[in-house]
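Q: protein-v8.txt is the file, holding compact mmCIF, C-alpha atoms and all ligand atoms:
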# COMPACT_ATOMS: atom_id res chain seq x y z
CA MET H 428 -36.23 115.88 -156.63
CA ALA H 429 -35.45 112.38 -157.80
CA VAL H 430 -31.75 112.90 -157.08
CA VAL H 431 -32.38 114.13 -153.60
CA GLU H 432 -34.68 111.23 -153.02
CA GLY H 433 -31.96 108.83 -154.20
CA VAL H 434 -29.35 110.31 -151.90
CA LYS H 435 -31.76 110.18 -149.02
CA LYS H 436 -32.54 106.55 -149.68
CA GLY H 437 -28.94 105.46 -150.25
CA GLY H 438 -27.70 107.37 -147.22
CA GLY H 439 -30.53 106.06 -145.13
CA LYS H 440 -29.56 102.48 -145.85
CA LEU H 441 -26.09 103.06 -144.48
CA LEU H 442 -26.93 105.55 -141.77
CA ALA H 443 -29.86 103.87 -140.08
CA PRO H 444 -27.93 100.83 -138.83
CA LEU H 445 -24.98 103.05 -137.94
CA ILE H 446 -27.17 105.34 -135.86
CA ALA H 447 -28.72 102.31 -134.23
CA VAL H 448 -25.44 100.70 -133.19
CA ALA H 449 -23.59 103.94 -132.35
CA PRO H 450 -24.85 104.18 -128.76
CA VAL H 451 -24.01 100.52 -128.22
CA VAL H 452 -20.51 101.03 -129.58
CA ILE H 453 -20.01 104.12 -127.44
CA VAL H 454 -21.24 102.37 -124.30
CA VAL H 455 -19.06 99.32 -124.94
CA ALA H 456 -16.06 101.57 -125.62
CA LEU H 457 -16.63 103.58 -122.42
CA TRP H 458 -17.03 100.35 -120.49
CA ILE H 459 -13.78 98.86 -121.83
CA VAL H 460 -11.81 102.07 -121.40
CA GLU H 461 -13.08 102.68 -117.84
CA PRO H 462 -10.44 101.34 -115.44
CA PHE H 463 -12.69 101.50 -112.38
CA ASP H 464 -13.28 97.92 -111.33
CA THR H 465 -16.26 97.06 -109.15
CA SER H 466 -16.70 93.92 -107.11
CA PRO H 467 -19.76 91.95 -106.06
CA ILE H 468 -20.60 92.33 -102.36
CA PRO H 469 -21.58 88.82 -101.27
CA ASP H 470 -22.49 89.81 -97.71
CA TYR H 471 -24.92 92.57 -98.65
CA ASP H 472 -28.43 91.73 -97.48
CA PRO H 473 -31.25 93.89 -98.93
CA GLU H 474 -33.76 92.67 -96.36
CA ILE H 475 -35.00 95.04 -93.65
CA ARG H 476 -35.64 93.85 -90.13
CA HIS H 477 -38.76 94.71 -88.20
CA VAL H 478 -38.44 97.70 -85.87
CA ARG H 479 -40.81 97.59 -82.93
CA GLU H 480 -41.78 101.24 -82.99
CA GLN H 481 -41.73 103.09 -86.29
CA ASN H 482 -41.91 106.90 -86.35
CA LEU H 483 -41.65 107.60 -90.04
CA ARG H 484 -42.59 111.29 -90.16
CA VAL H 485 -40.44 113.03 -87.59
CA ALA H 486 -39.22 115.95 -89.75
CA ARG H 487 -42.18 118.18 -88.82
CA ASP H 488 -41.21 117.94 -85.13
CA LEU H 489 -37.55 118.71 -85.64
CA GLU H 490 -36.19 121.91 -84.15
CA ARG H 491 -33.03 123.51 -85.49
CA VAL H 492 -30.44 124.19 -82.83
CA ALA H 493 -27.50 126.58 -83.37
CA GLU H 494 -28.65 127.22 -86.93
CA GLY H 495 -26.04 128.92 -89.07
CA LEU H 496 -23.34 128.38 -86.46
CA VAL H 497 -22.49 124.71 -87.09
CA MET H 498 -21.89 123.72 -90.72
CA GLY H 499 -22.39 119.99 -91.08
CA PRO H 500 -22.25 118.85 -87.42
CA GLU H 501 -21.17 115.27 -88.15
CA ASP H 502 -20.70 113.89 -84.66
CA LEU H 503 -21.73 114.98 -81.19
CA ALA H 504 -20.08 114.21 -77.84
CA TYR H 505 -21.95 115.00 -74.67
CA ASP H 506 -20.33 116.57 -71.62
CA ALA H 507 -22.89 115.86 -68.91
CA GLN H 508 -21.17 118.02 -66.29
CA GLU H 509 -21.41 121.14 -68.39
CA GLY H 510 -24.58 120.25 -70.26
CA ALA H 511 -22.73 120.94 -73.50
CA VAL H 512 -22.03 119.02 -76.68
CA TYR H 513 -18.89 119.05 -78.76
CA VAL H 514 -19.54 118.98 -82.49
CA THR H 515 -17.31 118.54 -85.54
CA THR H 516 -18.08 120.76 -88.50
CA ALA H 517 -17.47 120.73 -92.26
CA ASP H 518 -15.45 123.96 -92.14
CA GLY H 519 -12.80 122.21 -90.07
CA TRP H 520 -13.81 123.20 -86.56
CA VAL H 521 -14.46 121.40 -83.34
CA LYS H 522 -17.06 123.51 -81.55
CA LYS H 523 -18.70 123.45 -78.19
CA VAL H 524 -22.43 124.06 -78.05
CA GLU H 525 -23.47 125.16 -74.59
CA GLY H 526 -26.94 125.11 -73.12
CA VAL H 527 -28.25 121.98 -74.81
CA ALA H 528 -29.05 119.90 -71.74
CA TYR H 529 -31.19 122.15 -69.58
CA GLY H 530 -33.08 123.99 -72.29
CA GLY H 531 -30.96 127.05 -71.58
CA GLU H 532 -29.67 129.63 -74.00
CA ILE H 533 -27.65 128.07 -76.80
CA ALA H 534 -24.13 129.42 -77.21
CA VAL H 535 -21.54 128.15 -79.68
CA ARG H 536 -17.84 128.44 -78.95
CA ASN H 537 -15.02 127.60 -81.38
CA LEU H 538 -12.66 125.19 -79.70
CA SER H 539 -10.11 124.24 -82.32
CA PHE H 540 -9.51 124.38 -86.07
CA THR H 541 -8.12 121.12 -87.44
CA GLY H 542 -7.68 122.27 -91.02
CA GLY H 543 -9.25 119.03 -92.22
CA ARG H 544 -12.71 117.55 -91.80
CA PRO H 545 -13.24 116.41 -88.24
CA LEU H 546 -15.79 113.56 -88.04
CA GLY H 547 -15.98 111.41 -84.88
CA VAL H 548 -15.56 113.19 -81.55
CA ALA H 549 -15.34 111.64 -78.07
CA LEU H 550 -14.26 112.74 -74.61
CA GLY H 551 -11.46 111.06 -72.66
CA PRO H 552 -11.47 110.21 -68.93
CA SER H 553 -10.24 113.71 -68.03
CA LYS H 554 -12.52 115.32 -70.60
CA GLU H 555 -9.78 115.56 -73.21
CA VAL H 556 -11.33 115.99 -76.65
CA PHE H 557 -10.35 113.38 -79.24
CA VAL H 558 -11.30 113.59 -82.87
CA CYS H 559 -11.10 111.43 -85.97
CA ASP H 560 -10.35 113.86 -88.77
CA ALA H 561 -11.01 112.40 -92.23
CA TYR H 562 -7.87 114.01 -93.62
CA LYS H 563 -5.55 114.25 -90.60
CA GLY H 564 -6.14 111.05 -88.62
CA LEU H 565 -6.64 110.65 -84.89
CA LEU H 566 -6.27 113.99 -83.11
CA LYS H 567 -6.29 115.39 -79.63
CA VAL H 568 -7.63 118.91 -79.58
CA ALA H 569 -7.68 121.57 -76.90
CA ASP H 570 -8.16 125.33 -77.01
CA ASN H 571 -6.67 126.16 -80.41
CA LYS H 572 -4.23 123.25 -80.11
CA VAL H 573 -4.24 120.22 -82.40
CA GLU H 574 -2.02 117.21 -81.83
CA VAL H 575 -1.87 114.32 -84.31
CA LEU H 576 -1.85 111.08 -82.30
CA SER H 577 -1.95 108.66 -85.22
CA ASP H 578 -2.20 108.84 -88.99
CA GLY H 579 -1.48 105.25 -89.99
CA ALA H 580 -0.86 101.71 -88.79
CA GLU H 581 1.24 98.76 -89.99
CA GLY H 582 2.73 100.98 -92.65
CA VAL H 583 -0.63 101.89 -94.18
CA LYS H 584 -1.82 105.49 -93.85
CA PHE H 585 -5.42 106.25 -92.98
CA LYS H 586 -7.37 107.83 -95.80
CA LEU H 587 -10.62 108.37 -93.93
CA ALA H 588 -10.34 108.25 -90.13
CA ASP H 589 -13.96 108.21 -89.07
CA GLY H 590 -15.44 107.05 -85.75
CA LEU H 591 -14.05 106.64 -82.23
CA ASP H 592 -14.74 106.06 -78.59
CA VAL H 593 -12.51 106.29 -75.52
CA ALA H 594 -12.35 103.73 -72.71
CA SER H 595 -12.10 104.79 -69.07
CA ASP H 596 -8.40 103.77 -69.05
CA GLY H 597 -7.76 106.19 -71.91
CA THR H 598 -7.47 103.57 -74.67
CA ILE H 599 -8.90 104.93 -77.90
CA TYR H 600 -10.77 102.66 -80.29
CA PHE H 601 -11.32 104.08 -83.75
CA THR H 602 -11.99 103.28 -87.38
CA ASP H 603 -10.45 104.14 -90.70
CA ALA H 604 -13.31 103.78 -93.18
CA SER H 605 -10.94 103.36 -96.11
CA TYR H 606 -7.21 103.31 -96.79
CA LYS H 607 -7.98 103.84 -100.49
CA TYR H 608 -10.53 106.65 -100.86
CA ASP H 609 -10.69 109.95 -98.99
CA LEU H 610 -13.86 111.68 -97.82
CA ASP H 611 -14.39 113.55 -101.10
CA HIS H 612 -14.37 110.22 -102.91
CA HIS H 613 -16.01 108.05 -100.28
CA MET H 614 -18.86 107.04 -102.59
CA LEU H 615 -16.24 105.36 -104.80
CA ASP H 616 -15.38 103.08 -101.90
CA ILE H 617 -19.00 101.92 -101.80
CA PHE H 618 -19.23 101.76 -105.61
CA GLU H 619 -16.08 99.63 -105.77
CA GLY H 620 -17.48 97.20 -103.23
CA ARG H 621 -14.22 96.02 -101.68
CA PRO H 622 -13.41 96.27 -97.97
CA HIS H 623 -10.75 98.90 -97.24
CA GLY H 624 -11.71 99.66 -93.64
CA ARG H 625 -9.91 98.91 -90.38
CA LEU H 626 -10.67 98.81 -86.68
CA LEU H 627 -7.82 100.28 -84.62
CA ARG H 628 -6.68 100.80 -81.06
CA PHE H 629 -4.50 103.67 -79.89
CA GLU H 630 -2.49 103.09 -76.73
CA PRO H 631 -1.86 106.47 -75.07
CA SER H 632 0.92 105.12 -72.81
CA THR H 633 3.08 103.98 -75.74
CA GLY H 634 1.68 106.09 -78.56
CA GLU H 635 1.27 102.89 -80.59
CA THR H 636 -1.58 102.12 -82.94
CA HIS H 637 -2.68 98.49 -83.28
CA VAL H 638 -4.79 97.03 -86.05
CA LEU H 639 -7.58 94.97 -84.49
CA LEU H 640 -9.44 94.09 -87.68
CA LYS H 641 -8.96 94.75 -91.36
CA GLY H 642 -11.03 94.09 -94.46
CA LEU H 643 -14.10 95.98 -93.22
CA TYR H 644 -16.70 97.45 -95.56
CA PHE H 645 -16.54 101.18 -94.82
CA ALA H 646 -15.97 101.00 -91.05
CA ASN H 647 -17.80 104.07 -89.77
CA GLY H 648 -19.15 104.86 -86.29
CA LEU H 649 -17.97 103.13 -83.13
CA ALA H 650 -19.25 102.97 -79.56
CA LEU H 651 -18.16 101.13 -76.43
CA SER H 652 -20.65 99.13 -74.39
CA PRO H 653 -21.42 100.47 -70.88
CA ASN H 654 -19.21 97.79 -69.28
CA GLN H 655 -16.54 98.29 -71.94
CA ASP H 656 -16.48 94.54 -72.52
CA PHE H 657 -17.31 95.02 -76.19
CA LEU H 658 -17.57 97.72 -78.78
CA VAL H 659 -19.85 98.06 -81.76
CA TYR H 660 -18.68 99.39 -85.11
CA CYS H 661 -20.90 100.01 -88.12
CA GLU H 662 -20.09 98.91 -91.66
CA SER H 663 -21.98 101.36 -93.84
CA THR H 664 -21.77 99.41 -97.10
CA LEU H 665 -23.26 96.27 -95.55
CA ALA H 666 -25.99 98.12 -93.59
CA ARG H 667 -24.96 96.38 -90.38
CA CYS H 668 -23.13 96.91 -87.10
CA VAL H 669 -20.75 94.37 -85.63
CA LYS H 670 -19.81 93.55 -82.04
CA TYR H 671 -16.10 93.23 -81.25
CA TRP H 672 -15.26 91.66 -77.88
CA ILE H 673 -12.65 93.52 -75.84
CA GLU H 674 -12.83 91.40 -72.67
CA GLY H 675 -13.73 87.85 -71.63
CA ASP H 676 -13.65 84.45 -73.33
CA LYS H 677 -14.56 85.85 -76.70
CA LYS H 678 -11.93 88.61 -76.57
CA GLY H 679 -10.82 89.58 -80.07
CA SER H 680 -13.71 87.84 -81.83
CA THR H 681 -16.65 89.40 -83.65
CA GLU H 682 -20.33 88.66 -84.10
CA ILE H 683 -23.19 90.48 -85.77
CA PHE H 684 -24.67 93.06 -83.41
CA ILE H 685 -27.47 94.14 -85.74
CA ASP H 686 -27.85 93.57 -89.48
CA LYS H 687 -30.63 94.10 -92.05
CA LEU H 688 -30.71 97.74 -90.94
CA PRO H 689 -33.41 99.92 -92.50
CA GLY H 690 -30.71 102.24 -93.80
CA VAL H 691 -27.01 102.95 -94.15
CA PRO H 692 -25.46 103.28 -90.70
CA ASP H 693 -23.07 106.09 -89.85
CA ASN H 694 -22.28 106.99 -86.22
CA ILE H 695 -23.35 104.98 -83.20
CA ARG H 696 -23.54 106.37 -79.65
CA TYR H 697 -24.46 104.88 -76.28
CA ASP H 698 -26.86 106.98 -74.18
CA GLY H 699 -26.02 105.75 -70.68
CA GLU H 700 -29.58 104.42 -70.35
CA GLY H 701 -29.37 101.07 -72.11
CA ARG H 702 -29.68 102.16 -75.72
CA PHE H 703 -27.37 102.58 -78.64
CA TRP H 704 -28.43 105.22 -81.20
CA ILE H 705 -27.43 104.63 -84.80
CA GLY H 706 -27.55 107.39 -87.41
CA LEU H 707 -28.90 106.27 -90.79
CA ALA H 708 -27.55 108.48 -93.57
CA THR H 709 -30.19 107.22 -95.97
CA GLY H 710 -32.92 104.65 -95.86
CA LYS H 711 -32.49 101.43 -97.75
CA THR H 712 -34.29 102.37 -100.96
CA ALA H 713 -34.96 99.99 -103.85
CA PHE H 714 -32.35 101.84 -105.87
CA PHE H 715 -29.77 101.47 -103.12
CA ASN H 716 -30.41 97.74 -102.98
CA ILE H 717 -29.99 97.34 -106.72
CA MET H 718 -26.82 99.38 -106.68
CA LEU H 719 -25.27 97.28 -103.94
CA LYS H 720 -26.43 93.99 -105.41
CA TYR H 721 -25.06 94.51 -108.92
CA ALA H 722 -21.41 95.40 -109.50
CA VAL H 723 -22.29 96.36 -113.10
CA VAL H 724 -24.76 98.96 -111.89
CA ARG H 725 -22.08 100.51 -109.70
CA LYS H 726 -19.60 100.61 -112.56
CA ALA H 727 -22.25 102.17 -114.80
CA MET H 728 -22.86 104.83 -112.17
CA VAL H 729 -19.18 105.69 -112.01
CA ILE H 730 -19.10 106.08 -115.81
CA VAL H 731 -22.32 108.08 -115.96
CA SER H 732 -21.17 110.35 -113.11
CA LYS H 733 -18.32 111.55 -115.34
CA PHE H 734 -20.83 113.10 -117.71
CA ILE H 735 -23.73 114.11 -115.55
CA MET H 736 -24.23 114.73 -111.88
CA LEU H 737 -25.99 111.75 -110.36
CA PRO H 738 -29.36 112.60 -108.85
CA GLU H 739 -29.51 112.64 -105.08
CA PHE H 740 -30.62 109.17 -104.08
CA GLN H 741 -30.52 109.60 -100.33
CA MET H 742 -33.82 109.80 -98.49
CA ASN H 743 -35.60 108.25 -95.53
CA GLY H 744 -32.64 108.82 -93.23
CA GLY H 745 -33.00 109.00 -89.47
CA VAL H 746 -31.90 107.52 -86.18
CA LEU H 747 -32.49 104.01 -84.84
CA ALA H 748 -32.55 103.13 -81.13
CA VAL H 749 -31.16 99.67 -80.41
CA SER H 750 -31.02 97.68 -77.15
CA LEU H 751 -27.78 96.37 -75.65
CA THR H 752 -28.52 93.02 -77.20
CA GLY H 753 -28.99 94.45 -80.68
CA GLU H 754 -32.77 94.54 -80.81
CA ALA H 755 -34.21 97.34 -82.99
CA ILE H 756 -36.49 99.30 -80.69
CA ALA H 757 -37.48 102.59 -82.28
CA LEU H 758 -36.89 104.25 -85.62
CA TYR H 759 -37.12 108.03 -86.04
CA SER H 760 -37.02 108.75 -89.74
CA ASP H 761 -38.60 110.80 -92.49
CA PRO H 762 -38.57 110.75 -96.30
CA GLU H 763 -37.15 114.28 -96.11
CA LEU H 764 -34.18 113.33 -93.94
CA SER H 765 -30.86 112.56 -95.58
CA LYS H 766 -27.19 112.56 -94.64
CA VAL H 767 -28.09 112.02 -91.01
CA THR H 768 -24.84 111.03 -89.35
CA GLY H 769 -25.88 110.30 -85.80
CA GLY H 770 -28.03 110.93 -82.80
CA ILE H 771 -27.52 111.25 -79.06
CA LYS H 772 -30.21 111.21 -76.44
CA ILE H 773 -29.88 113.89 -73.77
CA GLY H 774 -32.77 113.93 -71.32
CA LYS H 775 -35.99 113.95 -73.28
CA TYR H 776 -34.32 115.17 -76.46
CA LEU H 777 -32.71 113.39 -79.34
CA TYR H 778 -29.98 115.57 -80.86
CA ILE H 779 -29.26 114.78 -84.49
CA GLY H 780 -26.09 115.37 -86.49
CA TYR H 781 -25.85 115.82 -90.26
CA LEU H 782 -23.11 115.80 -92.84
CA ASP H 783 -24.36 118.89 -94.65
CA LYS H 784 -26.97 120.86 -92.68
CA SER H 785 -26.16 124.12 -90.90
CA TYR H 786 -27.82 123.11 -87.64
CA ILE H 787 -28.19 120.34 -85.09
CA GLY H 788 -31.61 118.69 -85.18
CA ARG H 789 -33.55 118.31 -81.95
CA LEU H 790 -36.48 115.99 -81.48
CA ASP H 791 -38.63 115.98 -78.36
CA LEU H 792 -38.97 112.25 -77.71
CA LYS H 793 -41.87 112.87 -75.33
CA LYS H 794 -44.00 113.54 -78.39
CA TYR H 795 -43.61 109.93 -79.36
CA ALA H 796 -45.45 107.41 -77.25
CA ALA H 797 -43.31 104.73 -75.61
CA SER H 798 -40.22 106.33 -77.08
CA ALA H 799 -37.39 103.91 -76.50
CA HIS H 800 -37.64 104.33 -72.73
C1 LIG H 901 -15.49 130.46 -85.45
O1 LIG H 901 -15.60 129.64 -86.58
C2 LIG H 901 -16.20 130.23 -87.71
C3 LIG H 901 -16.23 129.18 -88.80
O2 LIG H 901 -17.11 128.16 -88.47
C4 LIG H 901 -15.42 131.43 -88.16
O3 LIG H 901 -16.07 132.06 -89.24
C5 LIG H 901 -15.28 132.39 -87.00
O4 LIG H 901 -14.45 133.46 -87.40
C6 LIG H 901 -14.68 131.71 -85.81
N1 LIG H 901 -14.65 132.62 -84.69
C7 LIG H 901 -13.56 132.85 -83.99
C8 LIG H 901 -13.71 133.81 -82.87
O5 LIG H 901 -12.49 132.30 -84.24
Please re-express this file's structure in structure tokens.

A:
Amino acid sequence: MAVVEGVKKGGGKLLAPLIAVAPVVIVVALWIVEPFDTSPIPDYDPEIRHVREQNLRVARDLERVAEGLVMGPEDLAYDAQEGAVYVTTADGWVKKVEGVAYGGEIAVRNLSFTGGRPLGVALGPSKEVFVCDAYKGLLKVADNKVEVLSDGAEGVKFKLADGLDVASDGTIYFTDASYKYDLDHHMLDIFEGRPHGRLLRFEPSTGETHVLLKGLYFANGLALSPNQDFLVYCESTLARCVKYWIEGDKKGSTEIFIDKLPGVPDNIRYDGEGRFWIGLATGKTAFFNIMLKYAVVRKAMVIVSKFIMLPEFQMNGGVLAVSLTGEAIALYSDPELSKVTGGIKIGKYLYIGYLDKSYIGRLDLKKYAASAH
């Protein structure tokens, strides 16, 4: 009894401090060994601007269109003549969803299999279908045909071709979100906090790709203005969208289009009626703000994610309607919405794309008073 007691006591003297410092030692060791280097993001602004009309519970009014037939419809391009939308899906397809515009029967047709992950989709002046595929680059697709137009610029390959729009002269403006991380690792780009994105222009007459801007923080969606005198691209990490002048005195220069967004912007689309629609993958939660503010938190998350799966921290996603001058007009969001990639307004409906759902969302805007009209 006495012996056991003695051992217990003696061991306790040594063990207690060891047990106490062990976690600290392990954490410090993991920290030192971890090569992933995160950077502060000086331009990140956690503030949220006022949105004139806030619809914060839209999920209950959402219909599911083409459910089970479109896996992760990331971007939507509207063909007004046919009343159809082209969608890009997670299983590598570009599909055409017919019957969306006139409330007719919905039919889904497979157009083309890219073999990658098509994201942005836009129609050319002769209704050619152009796609930014995260793994393949800028593509032109037609019935079961896929042509790679561009997969790099200035000697740097794209790692995550993302958003695009096509001018009436056929010039294609597009983004590469990151030259460093691919789609599977895109969160690492945000965790790292350095700008690896580029804004690009593809010239169909020469087949050349020009770099318009580099050093962008996850350059995502892109949309041309109705006059095509400027375009707007969204920088997801910074929760803002930036105007890039294509014509006029300010040609080639940039200015903030809208910042302090209530969430993380993804695609942006113009509706032909004076509004841009910006998909918000997640709302700007307190956790998101802390993560973006502190480089150490991001590094800690990278380390922790090697041992356990990080909890899902995306919520309060939705779509934001913005005027041509960058004024936030109406927000359609819900705590239940996440990984919303974009929205396009067709008639009275807002069609919503997602990274991971098996349907296109449809919201009847008439149910919301003064809805961005
Ligand atoms: C259409 O695409 C789906 C995958 O999304 C595939 O399962 C199906 O076989 C395709 N249909 C045709 C006719 O190719």

Q: Taking all atoms listed in the file into account, list the residues no farther than 8 Å from ligand LIG 901 (chain H), as a PyMOL selection string.

A: chain H and resi 496-498+516+518-520+536-537

Q: For Tyr721 of chain H, which residue out of H:Glu619, H:Asp502, H:Glu525, H:Glu461 is the nearest one, using all atoms listed in the file?

A: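 So, comparing all the options, the nearest one is H:Glu619.
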
Q: From the list H:Ala722, H:Ile773, H:Leu442, H:Leu610, which residue is nearest Ala517 of chain H when using only C-alpha atoms?

A: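 Residue with the minimum atom-to-atom distance to Ala517 of chain H: H:Leu610.
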
Q: Name all residues at most 8 Å from segment 652-660 of chain H (count only C-alpha atoms; drop same-chain ones fewer than 6 positions away) and give them as JSON, numbers by chain.

A: {"H": [594, 646, 668, 669, 670, 671, 672, 673, 674, 675, 684, 695, 697, 699, 751]}

Q: Which one is closest to Pro473 of chain H: H:Leu665, H:Val746, H:Ala443, H:Val767? Count only C-alpha atoms.

A: H:Leu665

Q: Starting from the point (-14.5, 93.8, -85.0), work out which residues of protein, DNA or RNA have an atom no more than 12 Å away when counting only C-alpha atoms; state them as a short mmCIF file (atom, residue, chain, number, x, y, z; two decimals) with C-alpha atoms, keeping the file's coordinate frame.

A:
data_model
loop_
_atom_site.label_atom_id
_atom_site.label_comp_id
_atom_site.auth_asym_id
_atom_site.auth_seq_id
_atom_site.Cartn_x
_atom_site.Cartn_y
_atom_site.Cartn_z
CA TYR H 600 -10.77 102.66 -80.29
CA PHE H 601 -11.32 104.08 -83.75
CA THR H 602 -11.99 103.28 -87.38
CA GLY H 624 -11.71 99.66 -93.64
CA ARG H 625 -9.91 98.91 -90.38
CA LEU H 626 -10.67 98.81 -86.68
CA LEU H 627 -7.82 100.28 -84.62
CA ARG H 628 -6.68 100.80 -81.06
CA VAL H 638 -4.79 97.03 -86.05
CA LEU H 639 -7.58 94.97 -84.49
CA LEU H 640 -9.44 94.09 -87.68
CA LYS H 641 -8.96 94.75 -91.36
CA GLY H 642 -11.03 94.09 -94.46
CA LEU H 643 -14.10 95.98 -93.22
CA TYR H 644 -16.70 97.45 -95.56
CA ALA H 646 -15.97 101.00 -91.05
CA ASN H 647 -17.80 104.07 -89.77
CA LEU H 649 -17.97 103.13 -83.13
CA ALA H 650 -19.25 102.97 -79.56
CA LEU H 651 -18.16 101.13 -76.43
CA PHE H 657 -17.31 95.02 -76.19
CA LEU H 658 -17.57 97.72 -78.78
CA VAL H 659 -19.85 98.06 -81.76
CA TYR H 660 -18.68 99.39 -85.11
CA CYS H 661 -20.90 100.01 -88.12
CA GLU H 662 -20.09 98.91 -91.66
CA CYS H 668 -23.13 96.91 -87.10
CA VAL H 669 -20.75 94.37 -85.63
CA LYS H 670 -19.81 93.55 -82.04
CA TYR H 671 -16.10 93.23 -81.25
CA TRP H 672 -15.26 91.66 -77.88
CA ILE H 673 -12.65 93.52 -75.84
CA LYS H 677 -14.56 85.85 -76.70
CA LYS H 678 -11.93 88.61 -76.57
CA GLY H 679 -10.82 89.58 -80.07
CA SER H 680 -13.71 87.84 -81.83
CA THR H 681 -16.65 89.40 -83.65
CA GLU H 682 -20.33 88.66 -84.10
CA ILE H 683 -23.19 90.48 -85.77
CA PHE H 684 -24.67 93.06 -83.41
#

Q: Complete segment 718-723 of chain H at the level of all heavy atoms, written as a CSV table (one decimal), in the coordinates of the input.

A:
chain,number,residue,atom,x,y,z
H,718,MET,N,-28.2,98.9,-106.5
H,718,MET,CA,-26.8,99.4,-106.7
H,718,MET,C,-25.8,98.5,-105.9
H,718,MET,O,-24.8,98.1,-106.5
H,718,MET,CB,-26.7,100.8,-106.1
H,718,MET,CG,-25.4,101.5,-106.3
H,718,MET,SD,-25.5,103.1,-105.5
H,718,MET,CE,-24.8,102.7,-104.0
H,719,LEU,N,-26.2,98.1,-104.7
H,719,LEU,CA,-25.3,97.3,-103.9
H,719,LEU,C,-25.2,95.8,-104.4
H,719,LEU,O,-24.2,95.2,-104.4
H,719,LEU,CB,-25.6,97.4,-102.4
H,719,LEU,CG,-25.2,98.7,-101.8
H,719,LEU,CD1,-25.4,98.7,-100.3
H,719,LEU,CD2,-23.7,99.0,-102.1
H,720,LYS,N,-26.4,95.4,-105.0
H,720,LYS,CA,-26.4,94.0,-105.4
H,720,LYS,C,-25.6,93.8,-106.7
H,720,LYS,O,-25.0,92.7,-106.8
H,720,LYS,CB,-27.9,93.6,-105.6
H,720,LYS,CG,-28.1,92.2,-106.0
H,720,LYS,CD,-29.5,91.7,-105.8
H,720,LYS,CE,-29.5,90.2,-106.2
H,720,LYS,NZ,-30.9,89.8,-106.7
H,721,TYR,N,-25.7,94.7,-107.6
H,721,TYR,CA,-25.1,94.5,-108.9
H,721,TYR,C,-23.8,95.4,-109.1
H,721,TYR,O,-23.9,96.6,-109.2
H,721,TYR,CB,-26.1,94.8,-110.0
H,721,TYR,CG,-27.3,93.9,-110.0
H,721,TYR,CD1,-28.5,94.4,-109.5
H,721,TYR,CD2,-27.2,92.5,-110.3
H,721,TYR,CE1,-29.6,93.5,-109.4
H,721,TYR,CE2,-28.3,91.7,-110.2
H,721,TYR,CZ,-29.5,92.2,-109.8
H,721,TYR,OH,-30.6,91.4,-109.7
H,722,ALA,N,-22.7,94.7,-109.3
H,722,ALA,CA,-21.4,95.4,-109.5
H,722,ALA,C,-21.5,96.2,-110.8
H,722,ALA,O,-20.9,97.3,-110.9
H,722,ALA,CB,-20.3,94.4,-109.5
H,723,VAL,N,-22.2,95.7,-111.8
H,723,VAL,CA,-22.3,96.4,-113.1
H,723,VAL,C,-23.0,97.7,-113.0
H,723,VAL,O,-22.7,98.7,-113.6
H,723,VAL,CB,-23.0,95.5,-114.2
H,723,VAL,CG1,-22.1,94.4,-114.6
H,723,VAL,CG2,-24.3,95.1,-113.8
